[in-house]
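Undergrad: First the structure, then my questions, so here it is.
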Amino acid sequence: MPAQLIAQIRTLAQPPSSSSQLDSVRRHIDTQFSDLDALLRPPRPPTSGPSKRRKRNLDEEIAHWEDREAKASVELNETSAILPGILEETQEKLQTLLSSAQGLSLKRYELADKLANLVSELSSNNDVESEGETKDQPRGKTVLEQMEGMQDELGRLEAGLVWARALEQVVTLSEATLDPSNHKSSPLATLPQYRQLNDFVSRLEGVLPDEIALVKVVRDVREQTWEGLKEIMSRNLLKACETIGWPRKVMYETVTVEARRAFERSFQDLLYLQAEGEDLHGEERPTHWSTGNGLYPLQAMVQPIALRFKYHFQGSKGTNRVDKPEWAFANILDQIYEHQTFITTYLQPLSARSGYESVDIRSEFTLLLFPVLLSLLRSRIPHLLDHPALLAHTIYQTVVFDEAVKEGGFDLSGLSIYEGRGSGTWEGLTGVVLREDDWFARWLAGEKKFADNQLNEIISSSEAWSISDEVLEGEEGQASGLRPTTSARQVKALVEQIIDRYAPLPELEYKLPFLLSIQLPILSTYQSRISNSLDAFESLSSAFVRAVPGALSGNTRSGVHIDQTKLTSGKTGLERLVKALLSGRWVEEGMRKWADDLFFVEMSSDLKNATQLKWKFASDPLLPQALKFTSPVGDADVTVSLFDVLIDRYDLLCSRTEDMIFRLVTVEVENDLKLHLTRRWDNPLSSDRVEPSSQLLSALTTYTSHLTLLSSTLPRLVISRIYRKIVLHITNHILQRGVYSGWSKFSERGGRDLGEEVEEWKDISRRVLSNQDVDSGGKIGGTIIIDSDRPWKRLQDITKILSLPTSSTSSTSDEDDSTAPPTRAKITFDEAMNVAFIDDKSDGGEARKRFLDQLGVELDGPELIGVLRRRVDCWR
């Protein structure tokens with residue numbers, strides 16, 4: 001700073017340069033004299049005074065600056081004379097100020113160091129090490145830290161004192177509530193102390209946040225106090241229960257008056273305590289019935305029952321058997337049954353007088369026994385998960401128990417925990433158990449494995465396709481005479497067993513997997529098994545052309561080869577087809593009955609509306625499409641059932657089997673008739689009667705054998721349907737191969753021979769089918785009378801035409817012929833010719849109709865003409 005000042009002084013002391021002087025003079029003249037007139041203006045008169053408004057002229061300006069110069073010279077001389085002294089004095093003062101400034105700077109640094117030391121002594125310096133200090137010797141706490149620590153400790157001590165006082169008050173009230181000396185007349189006498197405790201805790205809860213531990217502690221004390229008071233009163237009730245004989249069956253009428261009064265007083269005191277608790281704590285009801293909460297006195301009375309149960313079924317007693325869960329369930333059911341009279345007759349009115357008239361005490365007592373069984377199941381089932389049979393048996397017994405409880409009148413809406421609010425649907429112990437981890441999935445897998453093994457054993461059994469000779473009362477098909485095969489009956493029984501297992505399950509989400517993964521696949525597998533057997537039958541039978549491996553039953557035995565064609569022809573082949581038909585029809589009838597059962601009707605409706613479960617069965621091919629899509633309201637198909645798809649498949653299977661039966665019978669009969677139908681039918685009337693050929697006898701034998709087998713095993717309605725198809729096909733075959741395409745035309749003798757053969761066919765049919773018109777030993781019997789003659793009528797009518805006598809002479813000569821119909825003496829072949837070829841326009845139609853009616857045949861005009869032309873004596 002001094003150097004700059006000296007330099008500035010020296011700069012100002014230097015005279016200005018000549019150029020700068022000239023520039024300054026020029027700027028001044030330009031400013032003062034704006035033009036030449038102003039420069040040459042005459043001087044002012046001497047008498048005139050100065051004027052600020054008029055500028056000076058050149059002379060005046062020169063004189064002004066000369067005067068200024070003279071004054072400046074004088075001032076310069078004076079200044080130059082005193083300047084050295086002033087400079088020296090200023091230099092001395094400046095040095096003095098510099099020395100003073102340096103001293104002040106040192107003092108400032110000293111003060112800053114002292115301040116830093118003071119701050120370091122007050123503030124925390126755990127992370128800063130002073131000189132000469134090592135990490136092994138940390139500095140102690142500072143004064144400020146010590147003061148802060150002391151302040152915190154003081155606050156904690158004050159809070160602890162307040163806490164201790166609050167706890168002291170809470171504990172004092174709790175002890176006063178539980179002190180037996182205060183329970184002189186009844187433990188209810190200490191309710192005022194408990195009310196104070198509850199009010200004090202409520203005030204603390206309203207002031208303090210929930211995170212503070214004090215709130216949790218006082219809440220725990222309050223809950224323990226309440227539970228302790230409840231336990232004291234429960235012990236009093238249990239003592240009174242012992243005097244009346246509880247937990248054995250109570251004969252309350254034989255109990256003394258004092259014991260009854262003690263019991264009723266203890267029972268009502270606990271109800272009063274529960275009502276008081278609801279007023280003080282609010283109605284904090286459990287969200288689920290399985291928690292075991294209920295009326296206080298019943299909770300106490302259940303305790304000895306639970307102890308006995310644990311002793312017998314959760315201890316080392318022989319009654320604790322995992323393979324006999326029904327023993328444990330039966331024990332609880334016995335308790336419910338034994339005490340129901342005492343509960344409904346005495347405890348129900350006693351509870352009603354205490355303000356719980358809307359509670360069903362019997363249902364409440366049943367509810368409080370459920371946790372006993374749930375405890376057993378939760379401890380036992382985890383050990384059974386690797387034993388599917390025991391697991392399935394245990395869950396099944398749980399389902400049976402739930403059904404027994406429901407049938408016993410258990411009402412969820414009558415429980416105290418649901419008083420005044422909706423109770424929903426009781427899911428049973430099964431619903432609680434199946435929601436545990438993967439227990440349901442493991443159970444379902446075990447049931448499916450068991451069912452699959454059972455199905456394989458049923459189908460693989462050597463007696464699988466044997467026809468049962470006995471129909472149990474009440475089984476489907478008995479009224480119609482349907483007899484099942486062993487496998488069909490066992491498959492139906494297996495499915496019904498599965499239905500019994502899952503039908504009582506509480507929710508559709510549990511029932512649906514059983515239906516989709518076990519029941520329907522079993523029925524589909526059995527249907528596929530029969531269908532594959534029919535495919536194999538077609539591939540091996542000479543009557544069919546198809547190649548699919550497999551068979552209805554084994555085709556080989558160990559070390560022995562069996563001719564496959566023998567298994568698919570004759571009586572053996574027909575028996576196999578009949579067994580397939582009976583198996584399919586039996587299961588189909590079972591499904592039709594199940595479809596009409598209320599359980600499956602409701603399940604079908606539930607599936608229709610179960611939008612949340614659609615994804616589980618939307619792609620299942622065994623369910624009808626109508627169940628997979630939600631229809632508009634009022635547009636639902638009420639006739640759809642769960643089994644429609646399988647029923648249709650079984651119906652097609654049975655129809656296919658009937659067609660195969662029809663084809664097998666007709667093909668084998670046709671093969672036997674093949675040579676016989678090539679015989680000559682134009683023998684003269686005078687020739688001897690032709691004896692039946694061996695081919696005809698073989699065909700009749702085959703026909704008799706097959707028809708006898710069908711009539712002895714199939715229901716009458718099925719026999720009638722198949723019989724008509726067989727006869728119509730045989731008659732058509734005889735007409736096409738023997739009548740219209742024969743080797744020769746017919747003579748009167750040939751017509752009679754054919755008529756006699758038709759009578760033999762009819763006689764066999766009549767004898768075989770008539771044997772089944774009356775119940776035979778109660779097996780199949782029949783109330784449906786089959787008209788065995790009607791299907792042969794067309795062929796019989798044609799034989800009547802073919803056997804008409806040529807003239808009345810020939811007809812008279814044969815009157816003694818027992819085989820000739822009585823109408824032959826009246827109607828001749830010539831008359832038939834005359835009527836057949838009359839023009840319809842000339843009333844020929846009426847004449848032909850009268851002729852046919854008189855003859856007793858039902859043929860139209862063209863067919864009559866065709867038959868007449870098969871006679872050798874036809875002239876047209």
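Each chain of the structure tokens is named A, B, ... in the order shown, its residues numbered from 1; ligands are numbered from 1 in display order.
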Can you tell me, as a list in words, what residues are no more than 7 Å from Leu415 in chain A when counting only C-alpha atoms, ignoring any on the same chain fewer than 2 positions away?
TA: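 Here the answer would be Val359, Asp360, Ser363, Glu364, Leu412, Ser413, Ile417, Tyr418 and Glu419 of chain A.
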Undergrad: Write out as a list in words all residues of range 334-370 of chain A that DSSP puts in alpha helix (DSSP H) for this structure's backbone.
TA: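 Restricting range 334-370 of chain A to alpha helix (DSSP H) produces Asp334, Gln335, Ile336, Tyr337, Glu338, His339, Gln340, Thr341, Phe342, Gln348, Pro349, Leu350, Ser351, Ala352, Arg353, Ile361, Arg362, Ser363, Glu364, Phe365, Thr366, Leu367, Leu368, Leu369 and Phe370 of chain A.
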Undergrad: Just write the chosen residues, N, CA, C and O atoms, as a tab-separated table (two decimals), in the first residue's frame.
TA:
```
chain	number	residue	atom	x	y	z
A	334	ASP	N	-69.48	-89.06	19.91
A	334	ASP	CA	-70.12	-89.60	21.11
A	334	ASP	C	-70.31	-88.53	22.17
A	334	ASP	O	-71.36	-88.49	22.85
A	335	GLN	N	-69.33	-87.67	22.31
A	335	GLN	CA	-69.45	-86.57	23.29
A	335	GLN	C	-70.61	-85.65	22.93
A	335	GLN	O	-71.39	-85.23	23.78
A	336	ILE	N	-70.71	-85.34	21.64
A	336	ILE	CA	-71.81	-84.47	21.21
A	336	ILE	C	-73.15	-85.14	21.46
A	336	ILE	O	-74.11	-84.50	21.93
A	337	TYR	N	-73.23	-86.42	21.16
A	337	TYR	CA	-74.50	-87.13	21.32
A	337	TYR	C	-74.86	-87.32	22.80
A	337	TYR	O	-76.02	-87.14	23.20
A	338	GLU	N	-73.87	-87.67	23.62
A	338	GLU	CA	-74.16	-87.95	25.02
A	338	GLU	C	-74.65	-86.71	25.78
A	338	GLU	O	-75.50	-86.81	26.66
A	339	HIS	N	-74.11	-85.56	25.43
A	339	HIS	CA	-74.42	-84.36	26.21
A	339	HIS	C	-75.50	-83.49	25.58
A	339	HIS	O	-75.81	-82.43	26.11
A	340	GLN	N	-76.07	-83.94	24.45
A	340	GLN	CA	-77.03	-83.07	23.78
A	340	GLN	C	-78.30	-82.85	24.62
A	340	GLN	O	-78.86	-81.75	24.64
A	341	THR	N	-78.73	-83.87	25.34
A	341	THR	CA	-79.93	-83.70	26.18
A	341	THR	C	-79.68	-82.70	27.29
A	341	THR	O	-80.50	-81.79	27.53
A	342	PHE	N	-78.57	-82.83	27.98
A	342	PHE	CA	-78.22	-81.90	29.05
A	342	PHE	C	-78.05	-80.49	28.52
A	342	PHE	O	-78.49	-79.51	29.15
A	348	GLN	N	-79.13	-74.52	27.51
A	348	GLN	CA	-79.73	-73.56	26.59
A	348	GLN	C	-80.60	-72.54	27.33
A	348	GLN	O	-80.44	-71.33	27.15
A	349	PRO	N	-81.53	-72.96	28.20
A	349	PRO	CA	-82.31	-71.96	28.96
A	349	PRO	C	-81.44	-71.13	29.90
A	349	PRO	O	-81.70	-69.93	30.09
A	350	LEU	N	-80.41	-71.75	30.49
A	350	LEU	CA	-79.52	-71.01	31.39
A	350	LEU	C	-78.78	-69.90	30.64
A	350	LEU	O	-78.63	-68.79	31.15
A	351	SER	N	-78.35	-70.18	29.44
A	351	SER	CA	-77.68	-69.16	28.62
A	351	SER	C	-78.65	-68.08	28.17
A	351	SER	O	-78.30	-66.90	28.11
A	352	ALA	N	-79.87	-68.48	27.86
A	352	ALA	CA	-80.87	-67.50	27.43
A	352	ALA	C	-81.17	-66.51	28.54
A	352	ALA	O	-81.33	-65.30	28.30
A	353	ARG	N	-81.22	-66.99	29.80
A	353	ARG	CA	-81.48	-66.08	30.92
A	353	ARG	C	-80.32	-65.13	31.16
A	353	ARG	O	-80.49	-64.08	31.80
A	361	ILE	N	-76.64	-73.36	21.88
A	361	ILE	CA	-75.61	-73.89	22.77
A	361	ILE	C	-75.08	-75.22	22.27
A	361	ILE	O	-73.89	-75.52	22.41
A	362	ARG	N	-75.92	-76.03	21.68
A	362	ARG	CA	-75.44	-77.31	21.16
A	362	ARG	C	-74.44	-77.10	20.04
A	362	ARG	O	-73.38	-77.75	19.99
A	363	SER	N	-74.74	-76.19	19.12
A	363	SER	CA	-73.78	-75.88	18.05
A	363	SER	C	-72.52	-75.24	18.62
A	363	SER	O	-71.41	-75.50	18.13
A	364	GLU	N	-72.70	-74.41	19.65
A	364	GLU	CA	-71.54	-73.78	20.28
A	364	GLU	C	-70.63	-74.83	20.92
A	364	GLU	O	-69.40	-74.77	20.80
A	365	PHE	N	-71.23	-75.79	21.60
A	365	PHE	CA	-70.46	-76.86	22.22
A	365	PHE	C	-69.74	-77.69	21.15
A	365	PHE	O	-68.56	-78.06	21.30
A	366	THR	N	-70.42	-77.97	20.05
A	366	THR	CA	-69.80	-78.71	18.95
A	366	THR	C	-68.63	-77.93	18.37
A	366	THR	O	-67.57	-78.50	18.07
A	367	LEU	N	-68.82	-76.62	18.20
A	367	LEU	CA	-67.75	-75.77	17.65
A	367	LEU	C	-66.49	-75.84	18.51
A	367	LEU	O	-65.37	-75.92	17.98
A	368	LEU	N	-66.65	-75.82	19.83
A	368	LEU	CA	-65.50	-75.79	20.72
A	368	LEU	C	-64.79	-77.14	20.78
A	368	LEU	O	-63.67	-77.22	21.31
A	369	LEU	N	-65.39	-78.18	20.25
A	369	LEU	CA	-64.72	-79.48	20.17
A	369	LEU	C	-63.89	-79.61	18.88
A	369	LEU	O	-63.03	-80.50	18.80
A	370	PHE	N	-64.15	-78.75	17.89
A	370	PHE	CA	-63.42	-78.85	16.63
A	370	PHE	C	-61.91	-78.65	16.80
A	370	PHE	O	-61.13	-79.38	16.17
```
Undergrad: In Å, rounded to a single decimal, give me how far CA of Ile332 in chain A is from CA of Pro382 in chain A.
TA: 21.9 Å
Undergrad: Mind checking which residues fall within 8 Å of Pro504 in chain A, counting only C-alpha atoms, ignoring those fewer than 2 positions away in the same chain, and posting them as a list in words?
TA: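 Selected residues are Val399, Val400, Asp402, Glu403, Asp500, Arg501, Tyr502 and Pro506 of chain A.
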Undergrad: Fewer than 2 positions away in the same chain doesn't count, so skip those; otherwise give me all residues within 6 Å of range 712-723 of chain A, counting only C-alpha atoms, as a short mmCIF file (atom, residue, chain, number, x, y, z; two decimals) with C-alpha atoms, in the first residue's frame.
TA:
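And here's result-v2.cif as it stands now:
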```
data_model
loop_
_atom_site.label_atom_id
_atom_site.label_comp_id
_atom_site.auth_asym_id
_atom_site.auth_seq_id
_atom_site.Cartn_x
_atom_site.Cartn_y
_atom_site.Cartn_z
CA SER A 480 -84.96 -103.74 -18.25
CA GLY A 481 -83.02 -106.96 -17.73
CA LEU A 482 -79.57 -105.43 -18.35
CA LEU A 709 -77.05 -116.31 -26.95
CA LEU A 710 -78.47 -112.86 -27.59
CA LYS A 725 -82.30 -105.73 -38.11
CA ILE A 726 -80.93 -109.28 -38.42
#
```
Undergrad: Write out as an mmCIF file with N, CA, C and O atoms, in the first residue's frame each polymer residue whose atoms come within 10 Å of Val727 in chain A, counting only C-alpha atoms; drop sequence neighbours fewer than 2 positions from it.
TA:
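The resulting around_7.cif:
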```cif
data_model
loop_
_atom_site.group_PDB
_atom_site.id
_atom_site.type_symbol
_atom_site.label_atom_id
_atom_site.label_comp_id
_atom_site.auth_asym_id
_atom_site.auth_seq_id
_atom_site.Cartn_x
_atom_site.Cartn_y
_atom_site.Cartn_z
ATOM 1 N N PHE A 662 -74.876 -107.294 -35.214
ATOM 2 C CA PHE A 662 -75.746 -107.515 -36.384
ATOM 3 C C PHE A 662 -74.926 -108.006 -37.579
ATOM 4 O O PHE A 662 -75.295 -108.987 -38.257
ATOM 5 N N THR A 666 -75.286 -111.810 -39.262
ATOM 6 C CA THR A 666 -75.765 -111.876 -40.644
ATOM 7 C C THR A 666 -74.695 -112.409 -41.588
ATOM 8 O O THR A 666 -74.999 -113.189 -42.511
ATOM 9 N N ILE A 722 -82.143 -105.569 -32.262
ATOM 10 C CA ILE A 722 -81.160 -106.305 -33.056
ATOM 11 C C ILE A 722 -81.831 -107.391 -33.892
ATOM 12 O O ILE A 722 -81.460 -107.624 -35.057
ATOM 13 N N TYR A 723 -82.828 -108.059 -33.330
ATOM 14 C CA TYR A 723 -83.526 -109.140 -34.041
ATOM 15 C C TYR A 723 -84.178 -108.622 -35.325
ATOM 16 O O TYR A 723 -84.076 -109.248 -36.386
ATOM 17 N N ARG A 724 -84.835 -107.483 -35.222
ATOM 18 C CA ARG A 724 -85.484 -106.929 -36.422
ATOM 19 C C ARG A 724 -84.456 -106.627 -37.503
ATOM 20 O O ARG A 724 -84.681 -106.911 -38.693
ATOM 21 N N LYS A 725 -83.329 -106.060 -37.116
ATOM 22 C CA LYS A 725 -82.298 -105.732 -38.113
ATOM 23 C C LYS A 725 -81.728 -107.006 -38.743
ATOM 24 O O LYS A 725 -81.506 -107.070 -39.962
ATOM 25 N N HIS A 729 -82.311 -108.140 -42.660
ATOM 26 C CA HIS A 729 -81.149 -108.319 -43.526
ATOM 27 C C HIS A 729 -81.137 -109.734 -44.135
ATOM 28 O O HIS A 729 -80.849 -109.899 -45.332
ATOM 29 N N ILE A 730 -81.457 -110.759 -43.334
ATOM 30 C CA ILE A 730 -81.462 -112.132 -43.849
ATOM 31 C C ILE A 730 -82.540 -112.303 -44.918
ATOM 32 O O ILE A 730 -82.309 -112.921 -45.976
ATOM 33 N N THR A 731 -83.715 -111.796 -44.641
ATOM 34 C CA THR A 731 -84.790 -111.922 -45.643
ATOM 35 C C THR A 731 -84.422 -111.199 -46.925
ATOM 36 O O THR A 731 -84.688 -111.720 -48.036
ATOM 37 N N ASN A 732 -83.815 -110.037 -46.787
ATOM 38 C CA ASN A 732 -83.402 -109.320 -47.995
ATOM 39 C C ASN A 732 -82.318 -110.092 -48.736
ATOM 40 O O ASN A 732 -82.303 -110.147 -49.982
ATOM 41 N N HIS A 733 -81.418 -110.726 -47.975
ATOM 42 C CA HIS A 733 -80.364 -111.528 -48.606
ATOM 43 C C HIS A 733 -80.970 -112.727 -49.345
ATOM 44 O O HIS A 733 -80.556 -113.049 -50.476
ATOM 45 N N TRP A 761 -87.421 -120.933 -40.284
ATOM 46 C CA TRP A 761 -86.784 -119.726 -39.689
ATOM 47 C C TRP A 761 -87.697 -119.114 -38.642
ATOM 48 O O TRP A 761 -87.243 -118.750 -37.533
ATOM 49 N N LYS A 762 -88.949 -118.993 -38.964
ATOM 50 C CA LYS A 762 -89.898 -118.383 -38.019
ATOM 51 C C LYS A 762 -90.065 -119.245 -36.772
ATOM 52 O O LYS A 762 -90.133 -118.731 -35.647
ATOM 53 N N SER A 765 -87.130 -118.796 -34.520
ATOM 54 C CA SER A 765 -87.202 -117.488 -33.865
ATOM 55 C C SER A 765 -88.258 -117.488 -32.777
ATOM 56 O O SER A 765 -88.050 -116.949 -31.674
ATOM 57 N N SER A 788 -91.982 -112.174 -33.092
ATOM 58 C CA SER A 788 -90.936 -112.821 -33.888
ATOM 59 C C SER A 788 -91.356 -113.048 -35.335
ATOM 60 O O SER A 788 -90.492 -113.245 -36.206
ATOM 61 N N ASP A 789 -92.659 -113.057 -35.640
ATOM 62 C CA ASP A 789 -93.124 -113.352 -36.999
ATOM 63 C C ASP A 789 -93.129 -112.125 -37.895
ATOM 64 O O ASP A 789 -92.988 -112.244 -39.119
ATOM 65 N N ARG A 790 -93.335 -110.975 -37.318
ATOM 66 C CA ARG A 790 -93.515 -109.776 -38.128
ATOM 67 C C ARG A 790 -92.336 -109.486 -39.066
ATOM 68 O O ARG A 790 -92.540 -109.166 -40.242
ATOM 69 N N PRO A 791 -91.082 -109.599 -38.653
ATOM 70 C CA PRO A 791 -89.985 -109.285 -39.586
ATOM 71 C C PRO A 791 -89.909 -110.231 -40.784
ATOM 72 O O PRO A 791 -89.311 -109.887 -41.811
ATOM 73 N N TRP A 792 -90.496 -111.440 -40.668
ATOM 74 C CA TRP A 792 -90.450 -112.409 -41.767
ATOM 75 C C TRP A 792 -91.621 -112.247 -42.744
ATOM 76 O O TRP A 792 -91.683 -112.953 -43.754
#
```
Undergrad: List as a PDB file with C-alpha atoms, in the first residue's frame the protein and nucleic acid residues near Val215 in chain A, meaning an atom at most 12 Å away when only C-alpha atoms are counted, but skip any in the same chain fewer than 2 places from it.
TA:
```
ATOM      1  CA  TRP A 163     -42.905 -45.530  33.209  1.00  0.00           C
ATOM      2  CA  ALA A 166     -47.463 -46.202  35.215  1.00  0.00           C
ATOM      3  CA  LEU A 167     -46.394 -49.820  35.552  1.00  0.00           C
ATOM      4  CA  VAL A 170     -51.114 -51.070  36.245  1.00  0.00           C
ATOM      5  CA  PHE A 200     -55.910 -46.353  32.516  1.00  0.00           C
ATOM      6  CA  VAL A 201     -54.546 -48.491  29.677  1.00  0.00           C
ATOM      7  CA  SER A 202     -57.001 -46.884  27.259  1.00  0.00           C
ATOM      8  CA  ARG A 203     -55.770 -43.416  28.281  1.00  0.00           C
ATOM      9  CA  LEU A 204     -52.169 -44.472  27.716  1.00  0.00           C
ATOM     10  CA  GLU A 205     -53.092 -45.826  24.314  1.00  0.00           C
ATOM     11  CA  GLY A 206     -54.724 -42.542  23.430  1.00  0.00           C
ATOM     12  CA  VAL A 207     -51.683 -40.476  24.461  1.00  0.00           C
ATOM     13  CA  LEU A 208     -48.704 -42.613  23.533  1.00  0.00           C
ATOM     14  CA  PRO A 209     -47.847 -43.899  20.091  1.00  0.00           C
ATOM     15  CA  ASP A 210     -48.136 -47.630  19.475  1.00  0.00           C
ATOM     16  CA  GLU A 211     -44.384 -48.012  18.884  1.00  0.00           C
ATOM     17  CA  ILE A 212     -43.546 -47.332  22.526  1.00  0.00           C
ATOM     18  CA  ALA A 213     -42.831 -50.494  24.453  1.00  0.00           C
ATOM     19  CA  VAL A 217     -46.412 -53.956  28.165  1.00  0.00           C
ATOM     20  CA  VAL A 218     -49.569 -52.472  29.684  1.00  0.00           C
ATOM     21  CA  ARG A 219     -51.670 -54.159  27.025  1.00  0.00           C
ATOM     22  CA  ASP A 220     -50.086 -57.488  27.880  1.00  0.00           C
ATOM     23  CA  VAL A 221     -50.758 -56.895  31.573  1.00  0.00           C
ATOM     24  CA  ARG A 222     -54.376 -56.075  30.844  1.00  0.00           C
TER      25      ARG A 222
END
```
Undergrad: Need the shell around Gln695 in chain A: protein/DNA/RNA residues with any atom at most 12 Å away, counting only C-alpha atoms. Skip same-chain ones fewer than 3 positions apart. Format as a PyMOL selection string?
TA: chain A and resi 668-679+691-692+698-702
Undergrad: Would you compute the distance between CA of Thr486 in chain A and CA of Ser466 in chain A? Give it in Å to one decimal.
TA: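 Straight-line distance from CA of Thr486 in chain A to CA of Ser466 in chain A works out to 5.7 Å.
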